[in-house]
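So the structure is just underneath, and the comments pick up after that.
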Amino acid sequence: MIGRLRGTLIYKQAPDIVVDVGGVGYELLASMTTLIDLPEVDNEVIIFTHLIVREDAQILYAFSSDNERALFRTLLKVNGVGPKMALAIVSGMTANEFGLLIHSGDVTGLTRLPGVGKKTAERLIIEMRDRLPKPEDQSQAAGSSPTLIPNLEEEAIGALLALGYKPAQASKMINQYSGEKSSVEEIVRNALKASLS
């Protein structure tokens, strides 16, 4: 099992990254939070990973923190939640926001995530309520700010593609969003909210 990588980030294009470790390039699928936390290409990174082995592929998932990876792994234990949906959930909101929705039983809030219907949201609440610690009731940690990324709209479209949207649909969602565009995560979240309203 590959649990952590330390090396040089040599490629970053949502949702894919490549980390060079001793001359070996590891391809990983990264969550949106991780992509935002990553430095620019050619910088050293430490990435927490989760390896999924299937008959036709071995896929490494990348996370910037052990907490985010822990949430991803907990989601995989829920009946009907696969790696794609788990990655979409950790990309769509922070672990704290997700925990607040679970503990408050907010089915509507959970169904705003791509691929999460009412039945899945109800299952998440039932199965995860006892597995997640009760989060602090705060919108965001003080002093934190999003990292600016060049080509924000292009990165946001790539993120939506990773979440399962078709290219034309992803482009339309991003182009229709006219709000503040200070980070990829903000653009994606607000574009998703706008498409659901």
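Each chain of the structure tokens is named A, B, ... in the order shown, its residues numbered from 1; ligands are numbered from 1 in display order.
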Exercise for review: Excluding stretch 86-91 of chain A and any residue of its chain fewer than 6 positions from it, enumerate the residues within 6 Å of it, using only C-alpha atoms, and give them as a ChimeraX atom specification.
Suggested key: /A:31-33,72,75,163
How about saving the chosen residues, N, CA and C atoms kept, as a PDB file, in the first residue's frame?
ATOM      1  N   SER A  31      -8.186  15.627  -5.132  1.00  0.00           N
ATOM      2  CA  SER A  31      -9.405  16.361  -4.791  1.00  0.00           C
ATOM      3  C   SER A  31      -9.188  17.843  -5.093  1.00  0.00           C
ATOM      4  N   MET A  32     -10.281  18.596  -5.213  1.00  0.00           N
ATOM      5  CA  MET A  32     -10.181  20.030  -5.478  1.00  0.00           C
ATOM      6  C   MET A  32      -9.431  20.742  -4.357  1.00  0.00           C
ATOM      7  N   THR A  33      -9.688  20.364  -3.115  1.00  0.00           N
ATOM      8  CA  THR A  33      -9.013  20.994  -1.986  1.00  0.00           C
ATOM      9  C   THR A  33      -7.511  20.788  -2.098  1.00  0.00           C
ATOM     10  N   PHE A  72     -12.360  10.542   2.985  1.00  0.00           N
ATOM     11  CA  PHE A  72     -12.498   9.773   1.745  1.00  0.00           C
ATOM     12  C   PHE A  72     -12.637   8.283   2.053  1.00  0.00           C
ATOM     13  N   LEU A  75     -15.977   7.480   3.622  1.00  0.00           N
ATOM     14  CA  LEU A  75     -17.037   7.505   2.614  1.00  0.00           C
ATOM     15  C   LEU A  75     -17.079   6.208   1.815  1.00  0.00           C
ATOM     16  N   LEU A 163     -15.680  15.509 -11.888  1.00  0.00           N
ATOM     17  CA  LEU A 163     -16.861  15.176 -11.100  1.00  0.00           C
ATOM     18  C   LEU A 163     -17.946  14.481 -11.923  1.00  0.00           C
TER      19      LEU A 163
END
**Study point:** DSSP-assigned strand (DSSP E or B) among chain A, expressed as an MDAnalysis selection string
**Key:** chainID A and resid 4:13 16:21 24:30 44:53 58:63
Kindly save the residues from that selection, with N, CA and C atoms included, as a tab-separated table (two decimals), in the first residue's frame.
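Just written: selection.tsv:
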chain	number	residue	atom	x	y	z
A	4	ARG	N	1.94	7.53	1.38
A	4	ARG	CA	2.40	8.92	1.32
A	4	ARG	C	3.51	9.03	0.29
A	5	LEU	N	3.55	10.16	-0.40
A	5	LEU	CA	4.61	10.43	-1.36
A	5	LEU	C	5.25	11.78	-1.04
A	6	ARG	N	6.57	11.81	-1.16
A	6	ARG	CA	7.29	13.08	-1.03
A	6	ARG	C	8.18	13.21	-2.26
A	7	GLY	N	7.96	14.26	-3.01
A	7	GLY	CA	8.74	14.43	-4.23
A	7	GLY	C	8.46	15.78	-4.87
A	8	THR	N	8.73	15.87	-6.16
A	8	THR	CA	8.56	17.12	-6.90
A	8	THR	C	7.31	17.06	-7.75
A	9	LEU	N	6.47	18.07	-7.61
A	9	LEU	CA	5.27	18.16	-8.43
A	9	LEU	C	5.68	18.54	-9.85
A	10	ILE	N	5.42	17.67	-10.81
A	10	ILE	CA	5.85	17.97	-12.18
A	10	ILE	C	4.69	18.20	-13.14
A	11	TYR	N	3.45	17.96	-12.67
A	11	TYR	CA	2.28	18.19	-13.52
A	11	TYR	C	1.07	18.43	-12.63
A	12	LYS	N	0.25	19.41	-13.04
A	12	LYS	CA	-0.97	19.71	-12.28
A	12	LYS	C	-2.02	20.24	-13.23
A	13	GLN	N	-3.02	19.43	-13.52
A	13	GLN	CA	-4.14	19.84	-14.36
A	13	GLN	C	-5.35	19.06	-13.87
A	16	ASP	N	-5.81	15.70	-12.40
A	16	ASP	CA	-4.59	14.89	-12.41
A	16	ASP	C	-3.37	15.67	-11.92
A	17	ILE	N	-2.52	14.95	-11.17
A	17	ILE	CA	-1.21	15.48	-10.83
A	17	ILE	C	-0.20	14.37	-11.03
A	18	VAL	N	1.06	14.76	-11.23
A	18	VAL	CA	2.16	13.79	-11.30
A	18	VAL	C	3.24	14.26	-10.34
A	19	VAL	N	3.67	13.34	-9.47
A	19	VAL	CA	4.72	13.64	-8.50
A	19	VAL	C	5.92	12.76	-8.80
A	20	ASP	N	7.09	13.40	-9.01
A	20	ASP	CA	8.32	12.67	-9.28
A	20	ASP	C	8.99	12.32	-7.96
A	21	VAL	N	9.13	11.01	-7.71
A	21	VAL	CA	9.79	10.54	-6.50
A	21	VAL	C	10.98	9.68	-6.92
A	24	VAL	N	10.79	8.39	-10.49
A	24	VAL	CA	9.56	7.69	-10.87
A	24	VAL	C	8.39	8.67	-10.77
A	25	GLY	N	7.64	8.82	-11.85
A	25	GLY	CA	6.50	9.74	-11.85
A	25	GLY	C	5.22	9.02	-11.45
A	26	TYR	N	4.66	9.40	-10.31
A	26	TYR	CA	3.40	8.81	-9.84
A	26	TYR	C	2.23	9.66	-10.32
A	27	GLU	N	1.31	9.05	-11.07
A	27	GLU	CA	0.10	9.74	-11.50
A	27	GLU	C	-0.97	9.57	-10.43
A	28	LEU	N	-1.60	10.68	-10.05
A	28	LEU	CA	-2.62	10.64	-9.01
A	28	LEU	C	-3.84	11.45	-9.41
A	29	LEU	N	-5.00	11.06	-8.88
A	29	LEU	CA	-6.23	11.85	-9.00
A	29	LEU	C	-6.37	12.63	-7.70
A	30	ALA	N	-6.49	13.94	-7.80
A	30	ALA	CA	-6.50	14.79	-6.61
A	30	ALA	C	-7.86	15.43	-6.39
A	44	GLU	N	8.58	21.04	-4.22
A	44	GLU	CA	8.45	19.80	-3.45
A	44	GLU	C	7.09	19.72	-2.78
A	45	VAL	N	6.52	18.52	-2.76
A	45	VAL	CA	5.22	18.31	-2.12
A	45	VAL	C	5.25	17.04	-1.27
A	46	ILE	N	4.39	17.01	-0.27
A	46	ILE	CA	4.13	15.80	0.50
A	46	ILE	C	2.65	15.51	0.34
A	47	ILE	N	2.32	14.36	-0.20
A	47	ILE	CA	0.95	13.99	-0.54
A	47	ILE	C	0.55	12.73	0.20
A	48	PHE	N	-0.61	12.75	0.85
A	48	PHE	CA	-1.18	11.54	1.43
A	48	PHE	C	-1.97	10.83	0.33
A	49	THR	N	-1.86	9.52	0.27
A	49	THR	CA	-2.46	8.79	-0.84
A	49	THR	C	-3.35	7.64	-0.38
A	50	HIS	N	-4.22	7.24	-1.29
A	50	HIS	CA	-5.03	6.04	-1.10
A	50	HIS	C	-5.02	5.29	-2.42
A	51	LEU	N	-4.63	4.02	-2.38
A	51	LEU	CA	-4.51	3.21	-3.58
A	51	LEU	C	-5.73	2.31	-3.72
A	52	ILE	N	-6.34	2.35	-4.89
A	52	ILE	CA	-7.46	1.45	-5.19
A	52	ILE	C	-7.05	0.56	-6.35
A	53	VAL	N	-7.14	-0.75	-6.13
A	53	VAL	CA	-6.75	-1.73	-7.14
A	53	VAL	C	-8.00	-2.38	-7.71
A	58	GLN	N	-4.90	0.38	-11.45
A	58	GLN	CA	-4.49	0.73	-10.09
A	58	GLN	C	-4.49	2.25	-10.03
A	59	ILE	N	-5.33	2.82	-9.17
A	59	ILE	CA	-5.51	4.26	-9.14
A	59	ILE	C	-5.09	4.82	-7.79
A	60	LEU	N	-4.20	5.82	-7.83
A	60	LEU	CA	-3.77	6.51	-6.63
A	60	LEU	C	-4.54	7.82	-6.49
A	61	TYR	N	-5.11	8.03	-5.33
A	61	TYR	CA	-5.83	9.27	-5.03
A	61	TYR	C	-4.97	10.12	-4.11
A	62	ALA	N	-4.95	11.43	-4.35
A	62	ALA	CA	-4.06	12.34	-3.62
A	62	ALA	C	-4.84	13.29	-2.71
A	63	PHE	N	-4.30	13.50	-1.51
A	63	PHE	CA	-4.92	14.39	-0.54
A	63	PHE	C	-3.84	15.21	0.16
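Ranking A:Met85, A:Ala70, A:Leu38, A:Ala170 by their shortest atom-to-atom distance to A:Gly115, with only C-alpha atoms included, puts A:Met85 first.
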**Study point:** Members of stretch 54-161 of chain A assigned helix (DSSP H, G or I) by DSSP, as a count of residues only
**Key:** 56
**Study point:** Using only C-alpha atoms: which of A:Ala156, A:Asp42, A:Lys84, A:Met93 has the shortest distance to A:Ser171
**Key:**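 Result for the nearest residue to A:Ser171: A:Ala156.
Computed from the coordinates, the atom CA of A:Val81 to atom CA of A:Gly105 distance equals 17.9 Å.
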Practice item. Could you check how far atom CA of A:Thr120 sits from atom CA of A:Glu185, in Å to one decimal? Key: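 One can read the atom CA of A:Thr120 to atom CA of A:Glu185 distance as 23.5 Å.
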**Study point:** Selection near A:Gln169, 10 Å with only C-alpha atoms, sequence-local residues under 6 positions removed, as a PyMOL selection string
**Key:** chain A and resi 157+160-161+175
File dump, residues just selected, C-alpha atoms, as an mmCIF file, in the first residue's frame:
data_model
loop_
_atom_site.group_PDB
_atom_site.id
_atom_site.type_symbol
_atom_site.label_atom_id
_atom_site.label_comp_id
_atom_site.auth_asym_id
_atom_site.auth_seq_id
_atom_site.Cartn_x
_atom_site.Cartn_y
_atom_site.Cartn_z
ATOM 1 C CA ILE A 157 -13.935 23.158 -16.066
ATOM 2 C CA LEU A 160 -16.263 19.604 -13.202
ATOM 3 C CA LEU A 161 -15.138 17.029 -15.773
ATOM 4 C CA ASN A 175 -19.371 30.516 -18.426
#
Exercise for review: May I ask for the distance between atom CA of A:Pro39 and atom CA of A:Leu71, given in Å to one decimal place?
Suggested key: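 Interatomic distance here is 22.7 Å.
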